[in-house]
Structures are given as structure tokens and as C-alpha cells.
Amino acid sequence: MSDHVDDEVLQGLREIMEDGFTELLEVFLRESAAQHAQLQTLWRSGDRATIVGLAHSLKGSCANIGAKGCAGIAAEVEKLAHQGNWDEVPSLLQALDLEMKVAHGELSRLC
Amino acid sequence: MIQNKEIAKMAIVQELNSEGTRLTINVTGRFDFGSHRDFRESYEALKSSPELFTVNLKETNFLDSSALGMLLLLRDHANASSAKVEIVNCSPEVRKILAISNFEQLFAIH
Amino acid sequence: MTRVLVAEDNATDRLLLARIVEREGYDVITAVDGHEALSRFAEHSPDVILLDAMMPGLDGFEVARYVRANSHADYVPIVFLSSLTGNEWLHRCLDAGGDDFLSKPYNPIVLKAKLQALTRLREQQQQLAVQRLELVRLQSHLLQEQMVAKSVFDNIAHTGKLKGPFVKHLLSPMSVFNGDVLLAAHDPSGDLLVLLGDFTGHGLTAAIGALPLADIFYGMTAKGFNVSDILRESNRKLRVVLPPGYFCCVTMLRLSLRKNTLEYWNGGLPAAILVRHARQSVYEIVSRHLPLGILDDQNFVATTSMVEVEPGDRIVLCTDGLVEVEDSAGTMFGHEQLVDVVRRAPLSMVFETVLAKVQKHMANQARTDDLTLVEVTVLDAVDLDRSGGDSLGISGSPQDWKLSYELGARSLRGFNPLPMLQHILMETPQLRSRASEIYTILAETYSNALEHGVMGLDSSLKDSAEGFATYYARRAKALEGLAGFIRFELSNEIDSSGGVLTLRVTDSGSGFDFRKAARESKNQQSGYHGRGMMLLHELCDEVTYEEPGNSVLVRFKWSADHV
């Protein structure tokens, strides 16, 4: 039982995707890494308007794949960004960075 | 439009004054054999005995000899109770036919 | 197979969603953004769309609006995909035309249920669309048929004298067809007959009865039948034609400009109003009878009434649609107000004034009934001729003609040929002023041929009042088993002073002793018969009986200037 990924969700996905399960994980790993990297870039370049949408998108796919830790942090980023409350965003992005690494590690082992 | 039945060719409307002393019989349209029953009923069905019978021919377009017979029937009916019969509002043509039959001697024609 | 379009920019979600949908047995098409969603939509005509609300470029709301705007008849359900929550978002989804929401993480069971529900919705919408199309098609078909029928109807119902200077009218139907019918025509003697009818209901149902009514009215008026005959025949016909519970309220008028009389009958319509030229009074022609189509022939009362009129008098008729027009407060225009308006209106403006008042009363209220207003003006007989009413001109009318008309037993039993023959004779304008005499001649020769010639009835029965009735009872009985024929031979010739009408009536009887009958006729002083032969001799210029006494030839000379 992991705090980072939801085994129950993954079991469900295995049933749904059957042979496609590995492909789904690979797509997620690739896409979420890219989105995460883009988030960091956006923050550094100050393009804050786009942060809400990207965090929202990341939150959704993380939730679908069972990466509950990432989904929770992404949701928090989306919420604060939506409110324009930027003070805590840098620390959240840092936490997301760590959580992504752990989750990716766990999911990569399933491929 | 074809008439399958020999339809009534006239309308008889009678009016009795409130005292019951004068009966006016209005004859509309053609006055001929088809109306003999209505015409007779117009005065025979009365409960009172009028002193004057007025036959109004203002709306009578045509009459034939059976109408003359009916007028005579009315005259005899009236005579039985010493009542008078008058014929009013004849068109010139109708009057001509009445004159031909010498009805001017039998009825007061106005 | 039901086709589902999945439009989602997020690859993970798109892959997962497509797989879930596919597993449920649907055909899946995917799009990675809004623009692709629209092209896929146009290309594949999906049955259901799963649409991510937030996509780069064209977002889900815009895609939904486009789909809604471009598929009127074909309803495509849309499910918004979003992990967004809150009323504002829900509102935006509904506004854009969304039918449902699905939030992340996706739950396959929930999605399955939603897809099933929406597929059903789509099927129902498609059925509705098909039915709606069918309804539209039927409606336009019906309307087209009604327009065709209406032109036929108008040809039959409104071919009368409605355009003359003596009749002003407004017929204002609620639908294509009018439940109100207005008929007007001159009879052979020149009298104007007007019939205003209001059938129960509106539209086509109400108009059905108008056709036979118009047919009877114009046919019988042209043949010279009187108002009571026409009403009686109309009542009989409508009773057969109309479904139970349907009837026709009618006011019928006969305006004789030569005699200055107005004969009337009102069965169920609001009182017609006679406005006296002298301005001292208005006279109300109230309903005293049941509408047409209710009573059987025996109980139907066709008794008419009569008033005298003068040139300049006006008669205002209307159907209850006019009296019952409501204002915004629901108050009816009412008969009292109508009478009041008619009474106060300038004489030459009665029709226009009533119309203006009624329109003012109803303002913008919707009508609930057909509405008809008619004004008939009593003209001078001279004006009527000048106004091109019934031209008495002889050009274009029959002048010199011959006619042979033979009736067999079947015809004689139930058909009275006299109105028809009289009608033919009256087509010759110069004979019209002699209508009464001509009718008497026709009637005498015909009843002689029928009663004595064909039936062999003995007129001496008519010596007594009782016998008079017996005679006609026997006549009726003899009609039933009648055999034989009667032949009319009519001709009209024109000469320098006028013309000669010749009539020969021949019957199938064995003939009668006309010499003896002529002697008796001269001596006849009592009884109620025997005047026919004498009348013929007096009215005609020549009466000749032909051997063996079953044929009579009469000549009737008329002069051109006889009025």
C-alpha cells in the first residue's frame, strides 16, 4: 500500500486497459513529465495565466492514473493560481517535483 | 340539385288578433294544391270564431284553380258563422286571375 | 453501431476514456483539441460527444455551441469532461448545450450508465425529429389541400351577388376555411335572397356543410323557389350531411324591391337589425326557430315573417363571433351595444361604423370564433337595374326557342316539373313580367294532364269541402302507383309587337270529352272546382283541345312593352 499511487485504481486500470495497460502508463509518464517540466518553465518565465490550465490538466490525468499524491498537489497549485495567491506556489512546485519522482519511480516498475 | 320529393311550394302563416276576432292568413310563394291541407288547417283548427278572415296575398307569386277552390272553401266556412272574408294585397297579376273567375263578386278584394 | 466522439487534449485521459467507451461496445473516434473535434464531428456524425471543457485553442464550450447550432433536427447529446466543480462551471456547461458531466477520475460504471441514458435520449430525439418532420410534411400537405379545397369552396359558396352595391360584408375566418357562410342571389322575379349561416365549430369541419347549403341556395333561388322551400330543403340536407351535434344557425332574407317587402327567417343567429330609413326606429329580426340540421322534416318550421321596407333602409346581419368579441377585460361587445351603434351611426356609414367599433373593442385580443358582418341596403328597384344587378337586357338571352320535355311515370310520381319549366321560361327576359300568368297556365295544364289524364281522377269529388280533401288524398295515393307520361312542348317566337309562347301538353290518358267539359265549365257555379279550364281560356289567346282529348295546345301572346 503506497501513499503515492492508489493500488485499487491501478488494478481497475489493468482490467480496463488489458494489453494496453503498459502503454497507458508510458503515455502518462511521458506526458506528466512534460507537463511538470512545463509548469516549472511557466513559473520561471512568469506566464502565470497558463499555470491554472496546466495544473488542472495534470491533476486530471494524475487522478485517472491513481497518482493521488501528485493529483493532490496539482489541485492545490490550480486552486491557489486560480485565486492569484502566488506566495505558496514555489514550495508546492517543489513538493510536486519530489512527489512526481516517487510516483514515476513506482509506476515505472509496473511497466 | 334534384328534388326527389314534391316539396311544399308555399308557406301558410296565420295570425289571430288578441281579441280572437280577426284571422289573417298569409300565403307566401305558390298558392296551389300542395297547400290545401295547411290552408284548411289554418282556420279549421281555431278555437275561437273570428268575425273577419283576411287572406293576405302580398307574397303570393302564383296561384292556380285549386287555390280558387280553397278560397271558396274558406268562404263557405266563414259564411257558416256569418263571418266575412277579404283578400288583400294582391299583385296585379293575381288580381287578374281572381277577376277572371269573378271572385270580386264573392270576396271583398283590396 | 453507436459512435462516440472523445475530444480530450490530455493523452492519458483520452487513451483511458477511449478504452472504457470501446469496452462498452461503442465505436470510438478521438480528437486531441477543439478544432479536430469539429472536423471529426463533421466527418463521422457521432451519436454522442464526450468533450473536455478546457482544451487549448477552441475550448469545449465553443465546440458544444457549434454542434448545437449546426444540428437542429439531429440531436447529439454532449457530456462535458472536467474535474472542475462549482455552480459557475455547471452553468457554463448547460449554457453551451451540455446534457451531462463526467468528472475525473473516470468511473467506468458511471460512464457506462451515462452513455446508455444518452443513447436512449438520442434515439428518442431522433424519433421526435422524424415525427416532427412527418408532422411538418403533413401540415404543409394539409394546408395545400385546404387551399385547393378553399378555391373550390369559394367558387361554389361565393359566386353570388356579394359584389353588388346592396351587400357589404366582412367575412373574417379563424382558419383557412370559414365556419360562417354568406350567400346572396336574385331569384327569377328579381328579388334578392340572402343567407347568412354560422356552422358549429370552425375550419374545415364547419365548412363541410357550406357546400351543400350553397348548392341548394343558388340552385333553388335560381329556379324561383321561395324562402321556406329553400330552408326546408337545406335543413333536410344538413341533417343528413352533418355529424350528430353539428348544426347551422341561419338568417335568411328575401328582399323584394318591387313590392318593398322584407321576408325573413332567423334560426339561431343574433338578431338582425333593420335600420329604418325614416330613422325613427330599428327593428330587430330575432331568432324564433331552431338552427338548420337539427329537426326532422316533419317538425321543422319554415314559416317566414314579413315587414315592409323602403329604399334607403338597411339590414345589418352578423354571426355571434361579432357580438362575442371580447376586450382585454373579457367583456363582450354585446348585442345591446351593436344595436346602439347601428342606431347612432350615420345611415351611409352603418357598416363601417360597426366594424370600427368592433375592432376598437377587441383591440389586440385574439378572436375565438369566425366573425361575419353583413349590411344589405334596400335600393330603389330602378337603381338596382341601373347598378347592373340583374340586367333585364335581352341580348345574350334565349329569344326564339323550342323545347320538348317528357316525364315518365317514375318522374311523375315524385317530381314537380313546374319550377324547372318556369325557370327555363324566365330565362327569356320579356316573359318575366308575365311570370304569374305563365305559371298559372303551366300549373293548370299540368294538373289537368296529371290528375284527369294520367290518373283519371274525377273532379266532381271537389263539390264538397270534405270531398276536396278526399280528392287530394286520392291524388296522393294515385301518384304511388302511377303509370303513363306527360309531355310538354314549349316554344317561344318573336314577332314585331312582342312574341308568342306556345305550349302543348299531352298525356298518356285516353282523353276526355272536352266539348262537354267546356259547356259545364261555363255553367259551373257551385263546388270548388272547374275553374281551371275557364282560367286557361281567359289567360291565353288560344286554347285548342286535340283529339282524342289527351292533348291541349295553348298560345300566349305577349307584347314587348308590357310591364
# chains A, B, ... in the order shown; residues from 1 in each chain; ligands from 1
>>> closest_atom_pairs(of="chain C", to="chain B", cutoff="7 Å", atoms="only C-alpha atoms", output="tab-separated table")
residue	atom	partner	partner_atom	distance
C:Ile216	CA	B:Met1	CA	6.8
C:Gly219	CA	B:Met1	CA	6.5
C:Asn226	CA	B:Gly29	CA	5.7
C:Ser228	CA	B:Ala11	CA	6.4
C:Asp229	CA	B:Ala8	CA	6.5
C:Thr303	CA	B:Ala11	CA	6.1
C:Gly414	CA	B:Lys5	CA	5.0
C:Phe415	CA	B:Glu6	CA	5.4
C:Asn416	CA	B:Glu6	CA	5.5
C:Ser436	CA	B:Phe62	CA	5.0
C:Glu437	CA	B:Glu93	CA	6.6
C:Tyr439	CA	B:Phe62	CA	6.4
C:Thr440	CA	B:Asp64	CA	5.2
C:Ala443	CA	B:Asp64	CA	6.4
C:Glu444	CA	B:Asp64	CA	6.5
C:Ala465	CA	B:Leu73	CA	6.2
C:Tyr528	CA	B:Gly69	CA	4.2
C:His529	CA	B:Gly69	CA	5.7
C:Arg531	CA	B:Ser65	CA	5.6
C:Gly532	CA	B:Ser65	CA	5.0
C:Leu535	CA	B:Ile100	CA	6.6
C:Glu538	CA	B:Ile100	CA	6.6
>>> write_last_selection(atoms="N, CA and C atoms", output="PDB file, in the first residue's frame")
ATOM      1  N   ILE C 216     -77.721  24.226 -52.656  1.00  0.00           N
ATOM      2  CA  ILE C 216     -79.179  24.291 -52.555  1.00  0.00           C
ATOM      3  C   ILE C 216     -79.652  25.733 -52.726  1.00  0.00           C
ATOM      4  N   GLY C 219     -79.092  26.946 -56.368  1.00  0.00           N
ATOM      5  CA  GLY C 219     -79.911  26.167 -57.291  1.00  0.00           C
ATOM      6  C   GLY C 219     -81.382  26.513 -57.169  1.00  0.00           C
ATOM      7  N   ASN C 226     -89.341  29.482 -53.081  1.00  0.00           N
ATOM      8  CA  ASN C 226     -89.435  30.520 -52.058  1.00  0.00           C
ATOM      9  C   ASN C 226     -88.547  30.196 -50.858  1.00  0.00           C
ATOM     10  N   SER C 228     -89.124  29.517 -47.722  1.00  0.00           N
ATOM     11  CA  SER C 228     -89.469  28.353 -46.911  1.00  0.00           C
ATOM     12  C   SER C 228     -89.001  27.060 -47.568  1.00  0.00           C
ATOM     13  N   ASP C 229     -89.185  26.969 -48.882  1.00  0.00           N
ATOM     14  CA  ASP C 229     -88.736  25.774 -49.614  1.00  0.00           C
ATOM     15  C   ASP C 229     -87.242  25.585 -49.464  1.00  0.00           C
ATOM     16  N   THR C 303     -91.728  28.604 -41.453  1.00  0.00           N
ATOM     17  CA  THR C 303     -92.614  29.756 -41.561  1.00  0.00           C
ATOM     18  C   THR C 303     -91.811  31.057 -41.500  1.00  0.00           C
ATOM     19  N   GLY C 414     -92.746  11.538 -58.229  1.00  0.00           N
ATOM     20  CA  GLY C 414     -92.112  12.297 -57.148  1.00  0.00           C
ATOM     21  C   GLY C 414     -91.571  13.652 -57.542  1.00  0.00           C
ATOM     22  N   PHE C 415     -91.720  14.047 -58.780  1.00  0.00           N
ATOM     23  CA  PHE C 415     -91.042  15.257 -59.242  1.00  0.00           C
ATOM     24  C   PHE C 415     -92.042  16.273 -59.758  1.00  0.00           C
ATOM     25  N   ASN C 416     -91.884  17.481 -59.298  1.00  0.00           N
ATOM     26  CA  ASN C 416     -92.741  18.555 -59.792  1.00  0.00           C
ATOM     27  C   ASN C 416     -91.961  19.349 -60.837  1.00  0.00           C
ATOM     28  N   SER C 436     -96.560  35.345 -63.313  1.00  0.00           N
ATOM     29  CA  SER C 436     -97.711  34.758 -62.620  1.00  0.00           C
ATOM     30  C   SER C 436     -98.667  34.089 -63.584  1.00  0.00           C
ATOM     31  N   GLU C 437     -98.977  34.795 -64.681  1.00  0.00           N
ATOM     32  CA  GLU C 437     -99.911  34.229 -65.641  1.00  0.00           C
ATOM     33  C   GLU C 437     -99.344  32.970 -66.273  1.00  0.00           C
ATOM     34  N   TYR C 439     -97.174  30.963 -65.027  1.00  0.00           N
ATOM     35  CA  TYR C 439     -97.165  29.870 -64.063  1.00  0.00           C
ATOM     36  C   TYR C 439     -98.551  29.239 -63.956  1.00  0.00           C
ATOM     37  N   THR C 440     -99.565  30.093 -63.914  1.00  0.00           N
ATOM     38  CA  THR C 440    -100.929  29.562 -63.806  1.00  0.00           C
ATOM     39  C   THR C 440    -101.259  28.687 -65.018  1.00  0.00           C
ATOM     40  N   ALA C 443     -99.434  25.461 -64.591  1.00  0.00           N
ATOM     41  CA  ALA C 443     -99.997  24.682 -63.493  1.00  0.00           C
ATOM     42  C   ALA C 443    -101.335  24.060 -63.894  1.00  0.00           C
ATOM     43  N   GLU C 444    -102.183  24.806 -64.590  1.00  0.00           N
ATOM     44  CA  GLU C 444    -103.493  24.293 -64.986  1.00  0.00           C
ATOM     45  C   GLU C 444    -103.369  23.152 -65.995  1.00  0.00           C
ATOM     46  N   ALA C 465    -116.614  20.342 -49.272  1.00  0.00           N
ATOM     47  CA  ALA C 465    -115.369  20.620 -48.560  1.00  0.00           C
ATOM     48  C   ALA C 465    -114.661  19.328 -48.202  1.00  0.00           C
ATOM     49  N   TYR C 528    -116.066  23.440 -55.681  1.00  0.00           N
ATOM     50  CA  TYR C 528    -114.775  24.083 -55.514  1.00  0.00           C
ATOM     51  C   TYR C 528    -113.832  23.764 -56.663  1.00  0.00           C
ATOM     52  N   HIS C 529    -114.375  23.446 -57.837  1.00  0.00           N
ATOM     53  CA  HIS C 529    -113.516  23.053 -58.956  1.00  0.00           C
ATOM     54  C   HIS C 529    -114.074  23.619 -60.246  1.00  0.00           C
ATOM     55  N   ARG C 531    -112.671  25.631 -62.416  1.00  0.00           N
ATOM     56  CA  ARG C 531    -112.285  26.963 -62.884  1.00  0.00           C
ATOM     57  C   ARG C 531    -111.030  26.947 -63.756  1.00  0.00           C
ATOM     58  N   GLY C 532    -110.356  25.807 -63.762  1.00  0.00           N
ATOM     59  CA  GLY C 532    -109.086  25.721 -64.472  1.00  0.00           C
ATOM     60  C   GLY C 532    -109.231  25.996 -65.956  1.00  0.00           C
ATOM     61  N   LEU C 535    -109.993  29.556 -66.599  1.00  0.00           N
ATOM     62  CA  LEU C 535    -108.804  30.390 -66.419  1.00  0.00           C
ATOM     63  C   LEU C 535    -107.916  30.340 -67.661  1.00  0.00           C
ATOM     64  N   GLU C 538    -109.261  32.353 -70.445  1.00  0.00           N
ATOM     65  CA  GLU C 538    -109.159  33.798 -70.220  1.00  0.00           C
ATOM     66  C   GLU C 538    -107.729  34.297 -70.348  1.00  0.00           C
TER      67      GLU C 538
END
>>> closest_atom_pairs(of="region 309-422 of chain C", to="region 186-208 of chain C", cutoff="8 Å", atoms="only C-alpha atoms", output="Markdown table")
| residue | atom | partner | partner_atom | distance |
| --- | --- | --- | --- | --- |
| C:Leu317 | CA | C:Leu196 | CA | 7.7 |
| C:Cys318 | CA | C:Leu196 | CA | 7.9 |
| C:Thr319 | CA | C:Asp198 | CA | 6.4 |
| C:Asp369 | CA | C:His202 | CA | 7.1 |
| C:Asp370 | CA | C:His202 | CA | 6.8 |
| C:Asp390 | CA | C:Gly190 | CA | 7.0 |
>>> interface_residues(of="chain A", to="chain C", cutoff="7 Å", atoms="only C-alpha atoms", output="list of chain:residue names")
A:Ile16, A:Met17, A:Leu24, A:Val27, A:Phe28, A:Ser57, A:Gly60, A:Ser61, A:Ala63, A:Asn64
>>> residues_around(residues="Met100 (chain A)", least_positions_apart="5", cutoff="10 Å", atoms="only C-alpha atoms", output="JSON list (two decimals) with C-alpha atoms, in the first residue's frame")
[["chain", "number", "residue", "atom", "x", "y", "z"],
["A", 4, "HIS", "CA", 1.84, 7.93, -3.67],
["A", 29, "LEU", "CA", 4.91, 9.03, -17.60],
["A", 32, "SER", "CA", 3.09, 14.14, -16.95],
["A", 33, "ALA", "CA", 6.88, 14.64, -17.03],
["A", 36, "HIS", "CA", 5.56, 19.09, -14.92],
["A", 62, "CYS", "CA", -2.81, 12.03, -12.22],
["A", 67, "ALA", "CA", -1.11, 9.12, -8.70],
["A", 69, "GLY", "CA", -0.16, 12.45, -4.18],
["A", 70, "CYS", "CA", 0.61, 14.33, -7.42],
["A", 71, "ALA", "CA", -3.09, 14.91, -8.07],
["A", 73, "ILE", "CA", -0.56, 18.86, -5.04],
["A", 94, "GLN", "CA", 9.00, 21.88, -5.17],
["A", 95, "ALA", "CA", 6.82, 19.34, -3.34],
["A", 105, "GLY", "CA", 9.51, 5.52, -9.78],
["A", 106, "GLU", "CA", 6.70, 3.35, -8.53]]
>>> residues_around(residues="Val77 (chain A)", least_positions_apart="6", cutoff="8 Å", atoms="only C-alpha atoms", output="list in words")
Val52, Ala55, Val89, Leu92 and Leu93 of chain A
>>> write_last_selection(atoms="C-alpha atoms", output="tab-separated table (two decimals), in the first residue's frame")
chain	number	residue	atom	x	y	z
A	52	VAL	CA	-4.09	27.19	-13.87
A	55	ALA	CA	-2.19	22.31	-13.26
A	89	VAL	CA	3.24	28.20	-5.31
A	92	LEU	CA	4.17	23.50	-3.84
A	93	LEU	CA	6.04	23.16	-7.14
>>> select_by_dssp(residues="chain A", states="alpha helix (DSSP H)", output="MDAnalysis selection string")
chainID A and resid 7:17 21:45 48:65 68:83 89:110
>>> write_last_selection(atoms="C-alpha atoms", output="PDB file, in the first residue's frame")
ATOM      1  CA  ASP A   7      -3.251   0.308  -5.974  1.00  0.00           C
ATOM      2  CA  GLU A   8      -7.009  -0.063  -6.287  1.00  0.00           C
ATOM      3  CA  VAL A   9      -7.149   2.453  -9.147  1.00  0.00           C
ATOM      4  CA  LEU A  10      -4.239   0.723 -10.852  1.00  0.00           C
ATOM      5  CA  GLN A  11      -5.947  -2.651 -10.523  1.00  0.00           C
ATOM      6  CA  GLY A  12      -9.059  -1.178 -12.157  1.00  0.00           C
ATOM      7  CA  LEU A  13      -6.965   0.283 -14.970  1.00  0.00           C
ATOM      8  CA  ARG A  14      -5.311  -3.065 -15.547  1.00  0.00           C
ATOM      9  CA  GLU A  15      -8.726  -4.629 -16.044  1.00  0.00           C
ATOM     10  CA  ILE A  16      -9.934  -1.899 -18.325  1.00  0.00           C
ATOM     11  CA  MET A  17      -6.806  -1.491 -20.420  1.00  0.00           C
ATOM     12  CA  PHE A  21      -2.075  -1.048 -19.556  1.00  0.00           C
ATOM     13  CA  THR A  22       1.662  -0.628 -20.102  1.00  0.00           C
ATOM     14  CA  GLU A  23       1.049   1.773 -22.972  1.00  0.00           C
ATOM     15  CA  LEU A  24      -1.222   3.857 -20.765  1.00  0.00           C
ATOM     16  CA  LEU A  25       1.442   4.066 -18.066  1.00  0.00           C
ATOM     17  CA  GLU A  26       4.109   5.010 -20.594  1.00  0.00           C
ATOM     18  CA  VAL A  27       1.926   7.717 -22.057  1.00  0.00           C
ATOM     19  CA  PHE A  28       1.266   9.064 -18.597  1.00  0.00           C
ATOM     20  CA  LEU A  29       4.908   9.028 -17.604  1.00  0.00           C
ATOM     21  CA  ARG A  30       5.886  10.877 -20.743  1.00  0.00           C
ATOM     22  CA  GLU A  31       3.027  13.376 -20.653  1.00  0.00           C
ATOM     23  CA  SER A  32       3.094  14.142 -16.949  1.00  0.00           C
ATOM     24  CA  ALA A  33       6.876  14.641 -17.034  1.00  0.00           C
ATOM     25  CA  ALA A  34       6.467  17.098 -19.870  1.00  0.00           C
ATOM     26  CA  GLN A  35       3.592  18.908 -18.137  1.00  0.00           C
ATOM     27  CA  HIS A  36       5.559  19.086 -14.920  1.00  0.00           C
ATOM     28  CA  ALA A  37       8.586  20.474 -16.720  1.00  0.00           C
ATOM     29  CA  GLN A  38       6.343  22.994 -18.467  1.00  0.00           C
ATOM     30  CA  LEU A  39       4.904  24.083 -15.138  1.00  0.00           C
ATOM     31  CA  GLN A  40       8.375  24.894 -13.851  1.00  0.00           C
ATOM     32  CA  THR A  41       9.160  26.804 -17.044  1.00  0.00           C
ATOM     33  CA  LEU A  42       5.921  28.770 -16.858  1.00  0.00           C
ATOM     34  CA  TRP A  43       6.637  29.720 -13.269  1.00  0.00           C
ATOM     35  CA  ARG A  44      10.127  30.895 -14.081  1.00  0.00           C
ATOM     36  CA  SER A  45       9.028  32.846 -17.161  1.00  0.00           C
ATOM     37  CA  ARG A  48       1.039  32.639 -14.635  1.00  0.00           C
ATOM     38  CA  ALA A  49      -2.211  32.718 -16.573  1.00  0.00           C
ATOM     39  CA  THR A  50      -1.415  29.409 -18.236  1.00  0.00           C
ATOM     40  CA  ILE A  51      -0.460  27.746 -14.932  1.00  0.00           C
ATOM     41  CA  VAL A  52      -4.094  27.186 -13.867  1.00  0.00           C
ATOM     42  CA  GLY A  53      -4.999  25.214 -17.021  1.00  0.00           C
ATOM     43  CA  LEU A  54      -1.852  23.140 -16.972  1.00  0.00           C
ATOM     44  CA  ALA A  55      -2.188  22.307 -13.263  1.00  0.00           C
ATOM     45  CA  HIS A  56      -5.811  21.384 -13.941  1.00  0.00           C
ATOM     46  CA  SER A  57      -4.849  19.062 -16.767  1.00  0.00           C
ATOM     47  CA  LEU A  58      -2.070  17.440 -14.738  1.00  0.00           C
ATOM     48  CA  LYS A  59      -4.405  17.000 -11.801  1.00  0.00           C
ATOM     49  CA  GLY A  60      -6.937  15.197 -14.009  1.00  0.00           C
ATOM     50  CA  SER A  61      -4.534  12.707 -15.559  1.00  0.00           C
ATOM     51  CA  CYS A  62      -2.808  12.030 -12.221  1.00  0.00           C
ATOM     52  CA  ALA A  63      -6.219  11.302 -10.655  1.00  0.00           C
ATOM     53  CA  ASN A  64      -7.124   8.987 -13.520  1.00  0.00           C
ATOM     54  CA  ILE A  65      -3.894   7.019 -13.239  1.00  0.00           C
ATOM     55  CA  LYS A  68      -3.064  10.528  -5.775  1.00  0.00           C
ATOM     56  CA  GLY A  69      -0.155  12.455  -4.176  1.00  0.00           C
ATOM     57  CA  CYS A  70       0.607  14.326  -7.416  1.00  0.00           C
ATOM     58  CA  ALA A  71      -3.090  14.907  -8.073  1.00  0.00           C
ATOM     59  CA  GLY A  72      -3.482  16.456  -4.620  1.00  0.00           C
ATOM     60  CA  ILE A  73      -0.556  18.861  -5.037  1.00  0.00           C
ATOM     61  CA  ALA A  74      -1.558  19.783  -8.610  1.00  0.00           C
ATOM     62  CA  ALA A  75      -5.079  20.529  -7.340  1.00  0.00           C
ATOM     63  CA  GLU A  76      -3.609  22.834  -4.675  1.00  0.00           C
ATOM     64  CA  VAL A  77      -1.476  24.630  -7.308  1.00  0.00           C
ATOM     65  CA  GLU A  78      -4.538  25.043  -9.551  1.00  0.00           C
ATOM     66  CA  LYS A  79      -6.606  26.398  -6.691  1.00  0.00           C
ATOM     67  CA  LEU A  80      -4.007  28.940  -5.476  1.00  0.00           C
ATOM     68  CA  ALA A  81      -3.177  30.003  -9.022  1.00  0.00           C
ATOM     69  CA  HIS A  82      -6.854  30.476  -9.737  1.00  0.00           C
ATOM     70  CA  GLN A  83      -7.131  32.682  -6.649  1.00  0.00           C
ATOM     71  CA  VAL A  89       3.240  28.197  -5.313  1.00  0.00           C
ATOM     72  CA  PRO A  90       7.075  27.859  -5.345  1.00  0.00           C
ATOM     73  CA  SER A  91       7.060  25.496  -2.325  1.00  0.00           C
ATOM     74  CA  LEU A  92       4.169  23.498  -3.838  1.00  0.00           C
ATOM     75  CA  LEU A  93       6.036  23.162  -7.137  1.00  0.00           C
ATOM     76  CA  GLN A  94       8.996  21.878  -5.173  1.00  0.00           C
ATOM     77  CA  ALA A  95       6.818  19.344  -3.343  1.00  0.00           C
ATOM     78  CA  LEU A  96       5.307  18.313  -6.714  1.00  0.00           C
ATOM     79  CA  ASP A  97       8.809  17.777  -8.087  1.00  0.00           C
ATOM     80  CA  LEU A  98       9.596  15.337  -5.250  1.00  0.00           C
ATOM     81  CA  GLU A  99       6.229  13.568  -5.404  1.00  0.00           C
ATOM     82  CA  MET A 100       6.490  13.152  -9.185  1.00  0.00           C
ATOM     83  CA  LYS A 101       9.851  11.452  -8.834  1.00  0.00           C
ATOM     84  CA  VAL A 102       8.498   8.983  -6.275  1.00  0.00           C
ATOM     85  CA  ALA A 103       5.286   8.261  -8.206  1.00  0.00           C
ATOM     86  CA  HIS A 104       7.123   7.899 -11.520  1.00  0.00           C
ATOM     87  CA  GLY A 105       9.508   5.515  -9.783  1.00  0.00           C
ATOM     88  CA  GLU A 106       6.699   3.346  -8.531  1.00  0.00           C
ATOM     89  CA  LEU A 107       4.782   3.389 -11.814  1.00  0.00           C
ATOM     90  CA  SER A 108       7.899   2.691 -13.908  1.00  0.00           C
ATOM     91  CA  ARG A 109       8.333  -0.546 -12.003  1.00  0.00           C
ATOM     92  CA  LEU A 110       4.863  -1.648 -13.223  1.00  0.00           C
TER      93      LEU A 110
END
